[in-house]
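Some notes on the structure that comes next.
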Amino acid sequence: MNDYTQKTREWLDARFRQTDSRGVYFAHQPIYGFRLGHSEKSLLHRYIITYHIMNMLSHFSFKSLIDVGGAEGYKGAMVKHLFNADVKSCDLSQEACNRANEIYGMDTQAIDVHDLPFESDSFDIVLCSEVLEHVQEFETAVEQLVRVCRKAVVITLPHESIKHVEKHSTQPHSHLRTFDLKSLDYIESSGFKITRQKLNNPFIKPLGVLVEAMPRNPSQFKTLWNLYNRSLPLLRVLFGQRSMGFLIHLDSYASRVMSSYNSMMFVILKDTTAYSTRPLKQIRSSHIVDFAVPYHYVRNHT
């Protein structure tokens, strides 16, 4: 493990130990549910990505899945719940693995995506969501993901400008490169079929902020955000969980018909016969928005 990866692991370990003053774990994903807080913002963005991952998985018959970069186990636990599959959640951070085990009872292991400690074809499906933008050797990591899967690799990535990436490149756990829909074209020359899908239309994002209706403490546009914070009681009356579900489906339509997108999903088919054109299970937006656990208290928090 090189110096950059070691420093990233240390940063992630500190991140996945974060709690409030009472010891409630501050989650990366919305594990506690709609508007229950104690998690990072941008609920719609996270719900959309999770919905499309689960919807894609519904086109496969699979018994095992590994979530590489699984954080506190949110997506892996949802896969286990919806598909009754054997799921392993892995992350560079041991603390992330600890949370996944404590919160969801997940089988976990701390790993480096550049050198996965598993035999080839170990898992039917490999999931790697919002991870590869952080790694130094992108191609090596993709090669490892393909190596350990039997049927398919599902990858999600952000679509950002070079200016945005360069602006934040000095921050810990930063995004190291930009991606677009052609970023995995090189894989096809090796004989693999790839599907591509646009997600998170930027024009839907403001609606997500309104429906999320959670307090903001902005560093800019203070007048606008103060007005937003004062309007939260009204927004919560006007919009509920069904509104969030509606926006998930609205984004699917907008992403198909419009050129703009903030995220992408790639599926690398190692076994082209494994994909069913019709879903084997119906995935509803409510499956995503309703999936939640009670507040998790981290023992010996500081």
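Ordered as shown in the structure tokens, chains take letters A, B, and onward, while each chain numbers its residues from 1 and ligands are numbered from 1 in the order shown.
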Each residue of region 34-90 of chain A lying at most 10 Å from region 206-219 of chain A should get a row with its shortest atom-to-atom pair and the distance in Å to one decimal, counting only C-alpha atoms; could you produce that, ordered by chain and increasing number, as a Markdown table?
```
| residue | atom | partner | partner_atom | distance |
| --- | --- | --- | --- | --- |
| A:Phe34 | CA | A:Glu212 | CA | 7.7 |
| A:Arg35 | CA | A:Glu212 | CA | 6.6 |
| A:Leu36 | CA | A:Met214 | CA | 8.9 |
| A:Gly37 | CA | A:Met214 | CA | 7.8 |
| A:Lys41 | CA | A:Met214 | CA | 8.4 |
| A:Ser42 | CA | A:Val209 | CA | 7.2 |
| A:Leu43 | CA | A:Glu212 | CA | 6.7 |
| A:Leu44 | CA | A:Gly208 | CA | 5.4 |
| A:His45 | CA | A:Gly208 | CA | 8.0 |
```
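Residues in contact range of Val131 (chain A), defined as at most 10 Å between only C-alpha atoms, with sequence neighbours fewer than 4 positions away removed, read A:Val68, A:Gly69, A:Gly70, A:Ala71, A:Asp91, A:Val113, A:Val135, A:Phe138, A:Ala141, A:Ile155, A:Thr156, A:Leu157, A:Pro158, A:His175.
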Residues as selected, C-alpha atoms, written as a PDB file, in the first residue's frame, can you do that?
```pdb
ATOM      1  CA  VAL A  68     -16.214  -2.860  -2.994  1.00  0.00           C
ATOM      2  CA  GLY A  69     -16.112   0.467  -1.192  1.00  0.00           C
ATOM      3  CA  GLY A  70     -19.269  -0.350   0.719  1.00  0.00           C
ATOM      4  CA  ALA A  71     -18.809   2.253   3.486  1.00  0.00           C
ATOM      5  CA  ASP A  91     -13.832  -0.953   2.195  1.00  0.00           C
ATOM      6  CA  VAL A 113      -9.213  -2.178  -4.615  1.00  0.00           C
ATOM      7  CA  VAL A 135      -8.119   5.779  -6.644  1.00  0.00           C
ATOM      8  CA  PHE A 138      -8.086   3.472 -12.146  1.00  0.00           C
ATOM      9  CA  ALA A 141      -8.749  -1.232 -10.014  1.00  0.00           C
ATOM     10  CA  ILE A 155     -19.933   0.708 -11.391  1.00  0.00           C
ATOM     11  CA  THR A 156     -21.214   4.212 -10.663  1.00  0.00           C
ATOM     12  CA  LEU A 157     -19.090   7.317 -11.143  1.00  0.00           C
ATOM     13  CA  PRO A 158     -19.555  11.080 -10.911  1.00  0.00           C
ATOM     14  CA  HIS A 175     -11.598  13.023  -6.755  1.00  0.00           C
TER      15      HIS A 175
END
```
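Near region 251-255 of chain A, within a cut-off of 8 Å and counting only C-alpha atoms, sit the residues Ile48, Lys198, Leu199, Asn200, Asn201, Ile204, Leu247, Ile248, Met258, Ser259, Ser260 and Tyr261 of chain A, with same-chain residues fewer than 3 positions away left out.
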For the residues selected in the previous step, produce a file with all heavy atoms as a short mmCIF file (atom, residue, chain, number, x, y, z; two decimals), in the first residue's frame.
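So the final result, stored in part_8.cif, reads:
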```cif
data_model
loop_
_atom_site.label_atom_id
_atom_site.label_comp_id
_atom_site.auth_asym_id
_atom_site.auth_seq_id
_atom_site.Cartn_x
_atom_site.Cartn_y
_atom_site.Cartn_z
N ILE A 48 -31.16 8.21 -5.88
CA ILE A 48 -31.19 7.92 -7.31
C ILE A 48 -30.17 6.86 -7.67
O ILE A 48 -30.46 5.88 -8.37
CB ILE A 48 -30.96 9.20 -8.13
CG1 ILE A 48 -32.21 10.09 -8.10
CG2 ILE A 48 -30.58 8.87 -9.57
CD1 ILE A 48 -32.00 11.46 -8.69
N LYS A 198 -27.01 7.39 -17.91
CA LYS A 198 -26.88 8.69 -17.26
C LYS A 198 -27.80 8.77 -16.05
O LYS A 198 -28.94 8.28 -16.09
CB LYS A 198 -27.22 9.82 -18.24
CG LYS A 198 -26.27 9.93 -19.42
CD LYS A 198 -26.69 11.05 -20.36
CE LYS A 198 -27.99 10.73 -21.08
NZ LYS A 198 -28.37 11.77 -22.05
N LEU A 199 -27.32 9.40 -14.98
CA LEU A 199 -28.09 9.56 -13.75
C LEU A 199 -27.94 10.98 -13.22
O LEU A 199 -27.02 11.70 -13.59
CB LEU A 199 -27.61 8.58 -12.67
CG LEU A 199 -27.41 7.11 -13.02
CD1 LEU A 199 -26.79 6.39 -11.83
CD2 LEU A 199 -28.72 6.48 -13.41
N ASN A 200 -28.83 11.35 -12.30
CA ASN A 200 -28.72 12.61 -11.57
C ASN A 200 -28.66 13.83 -12.50
O ASN A 200 -27.65 14.51 -12.62
CB ASN A 200 -27.51 12.59 -10.63
CG ASN A 200 -27.82 11.90 -9.32
OD1 ASN A 200 -28.78 12.25 -8.63
ND2 ASN A 200 -27.03 10.89 -8.99
N ASN A 201 -29.81 14.09 -13.13
CA ASN A 201 -29.92 15.27 -13.97
C ASN A 201 -29.81 16.53 -13.10
O ASN A 201 -30.50 16.66 -12.09
CB ASN A 201 -31.27 15.25 -14.70
CG ASN A 201 -31.40 16.37 -15.68
OD1 ASN A 201 -31.67 17.51 -15.31
ND2 ASN A 201 -31.20 16.06 -16.95
N ILE A 204 -32.91 18.53 -11.84
CA ILE A 204 -33.78 17.95 -10.82
C ILE A 204 -33.23 18.25 -9.42
O ILE A 204 -33.96 18.24 -8.44
CB ILE A 204 -33.91 16.43 -11.02
CG1 ILE A 204 -34.34 16.11 -12.45
CG2 ILE A 204 -34.90 15.82 -10.03
CD1 ILE A 204 -35.70 16.65 -12.81
N LEU A 247 -39.51 12.15 -7.63
CA LEU A 247 -38.31 12.77 -8.19
C LEU A 247 -37.32 11.72 -8.70
O LEU A 247 -36.61 11.95 -9.68
CB LEU A 247 -37.63 13.67 -7.15
CG LEU A 247 -38.38 14.95 -6.77
CD1 LEU A 247 -37.56 15.77 -5.79
CD2 LEU A 247 -38.72 15.78 -8.00
N ILE A 248 -37.26 10.59 -8.03
CA ILE A 248 -36.39 9.51 -8.50
C ILE A 248 -36.80 9.09 -9.92
O ILE A 248 -35.96 8.93 -10.81
CB ILE A 248 -36.45 8.31 -7.54
CG1 ILE A 248 -35.78 8.67 -6.21
CG2 ILE A 248 -35.76 7.08 -8.15
CD1 ILE A 248 -35.96 7.63 -5.12
N MET A 258 -32.47 14.28 -21.81
CA MET A 258 -31.61 15.46 -21.76
C MET A 258 -30.15 15.04 -21.75
O MET A 258 -29.80 13.94 -21.32
CB MET A 258 -31.94 16.31 -20.52
CG MET A 258 -33.38 16.79 -20.49
SD MET A 258 -33.81 17.66 -18.95
CE MET A 258 -32.85 19.17 -19.17
N SER A 259 -29.29 15.92 -22.23
CA SER A 259 -27.87 15.58 -22.33
C SER A 259 -27.12 15.75 -21.02
O SER A 259 -26.06 15.15 -20.82
CB SER A 259 -27.21 16.44 -23.41
OG SER A 259 -27.34 17.82 -23.10
N SER A 260 -27.64 16.56 -20.11
CA SER A 260 -26.93 16.85 -18.87
C SER A 260 -27.06 15.71 -17.87
O SER A 260 -28.12 15.08 -17.77
CB SER A 260 -27.48 18.13 -18.24
OG SER A 260 -27.31 19.23 -19.10
N TYR A 261 -25.99 15.44 -17.14
CA TYR A 261 -26.01 14.41 -16.11
C TYR A 261 -24.86 14.64 -15.15
O TYR A 261 -23.81 15.15 -15.52
CB TYR A 261 -25.93 13.01 -16.72
CG TYR A 261 -24.70 12.76 -17.58
CD1 TYR A 261 -23.61 12.04 -17.09
CD2 TYR A 261 -24.62 13.25 -18.90
CE1 TYR A 261 -22.50 11.80 -17.87
CE2 TYR A 261 -23.51 13.02 -19.67
CZ TYR A 261 -22.44 12.30 -19.16
OH TYR A 261 -21.32 12.07 -19.94
#
```
Which residues are close to Ser285 (chain A), i.e. within 8 Å by only C-alpha atoms, leaving aside same-chain residues fewer than 5 positions away? Reply as a compact mmCIF listing (two decimals) with N, CA, C and O atoms, in the first residue's frame.
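around-v8.txt was written with the following content:
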```
# COMPACT_ATOMS: atom_id res chain seq x y z
N TYR A 51 -31.26 3.50 -6.23
CA TYR A 51 -32.40 2.95 -6.97
C TYR A 51 -31.96 2.30 -8.27
O TYR A 51 -32.37 1.17 -8.60
N GLY A 245 -39.93 9.83 -4.03
CA GLY A 245 -40.06 8.75 -5.00
C GLY A 245 -40.39 9.27 -6.39
O GLY A 245 -39.86 8.78 -7.40
N ILE A 248 -37.26 10.59 -8.03
CA ILE A 248 -36.39 9.51 -8.50
C ILE A 248 -36.80 9.09 -9.92
O ILE A 248 -35.96 8.93 -10.81
N HIS A 249 -38.10 8.92 -10.13
CA HIS A 249 -38.58 8.53 -11.46
C HIS A 249 -38.49 9.68 -12.45
O HIS A 249 -38.21 9.45 -13.64
```
Would you please extract all alpha helix (DSSP H) residues from region 65-283 of chain A, as assigned by DSSP on the backbone, and give them as a PyMOL selection string?
chain A and resi 74-83+94-104+138-148+162-168+185-188+205-212+222-230+232-238+241-257
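The spacing separating CA of Arg196 (chain A) from CA of Ala152 (chain A) amounts to 13.2 Å.
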Determine, for each residue of region 133-226 of chain A having at least one atom at most 12 Å from an atom of region 269-274 of chain A, the closest pair of atoms and their separation in Å to one decimal, counting only C-alpha atoms; order by chain and ascending number, as a Markdown table.
```
| residue | atom | partner | partner_atom | distance |
| --- | --- | --- | --- | --- |
| A:Glu143 | CA | A:Lys270 | CA | 11.8 |
| A:Leu145 | CA | A:Lys270 | CA | 10.8 |
| A:Val146 | CA | A:Lys270 | CA | 7.4 |
| A:Arg147 | CA | A:Lys270 | CA | 9.3 |
| A:Val148 | CA | A:Lys270 | CA | 10.4 |
| A:Cys149 | CA | A:Lys270 | CA | 7.6 |
| A:Arg150 | CA | A:Lys270 | CA | 6.5 |
| A:Lys151 | CA | A:Asp271 | CA | 4.8 |
| A:Ala152 | CA | A:Leu269 | CA | 4.6 |
| A:Val153 | CA | A:Leu269 | CA | 6.7 |
| A:Val154 | CA | A:Leu269 | CA | 8.8 |
| A:Ile155 | CA | A:Leu269 | CA | 11.4 |
| A:Ile187 | CA | A:Leu269 | CA | 10.4 |
| A:Glu188 | CA | A:Leu269 | CA | 10.0 |
| A:Ser190 | CA | A:Lys270 | CA | 10.5 |
| A:Gly191 | CA | A:Lys270 | CA | 8.8 |
| A:Phe192 | CA | A:Lys270 | CA | 6.0 |
| A:Lys193 | CA | A:Leu269 | CA | 5.3 |
| A:Ile194 | CA | A:Leu269 | CA | 6.1 |
| A:Thr195 | CA | A:Leu269 | CA | 8.1 |
| A:Arg196 | CA | A:Leu269 | CA | 11.4 |
```
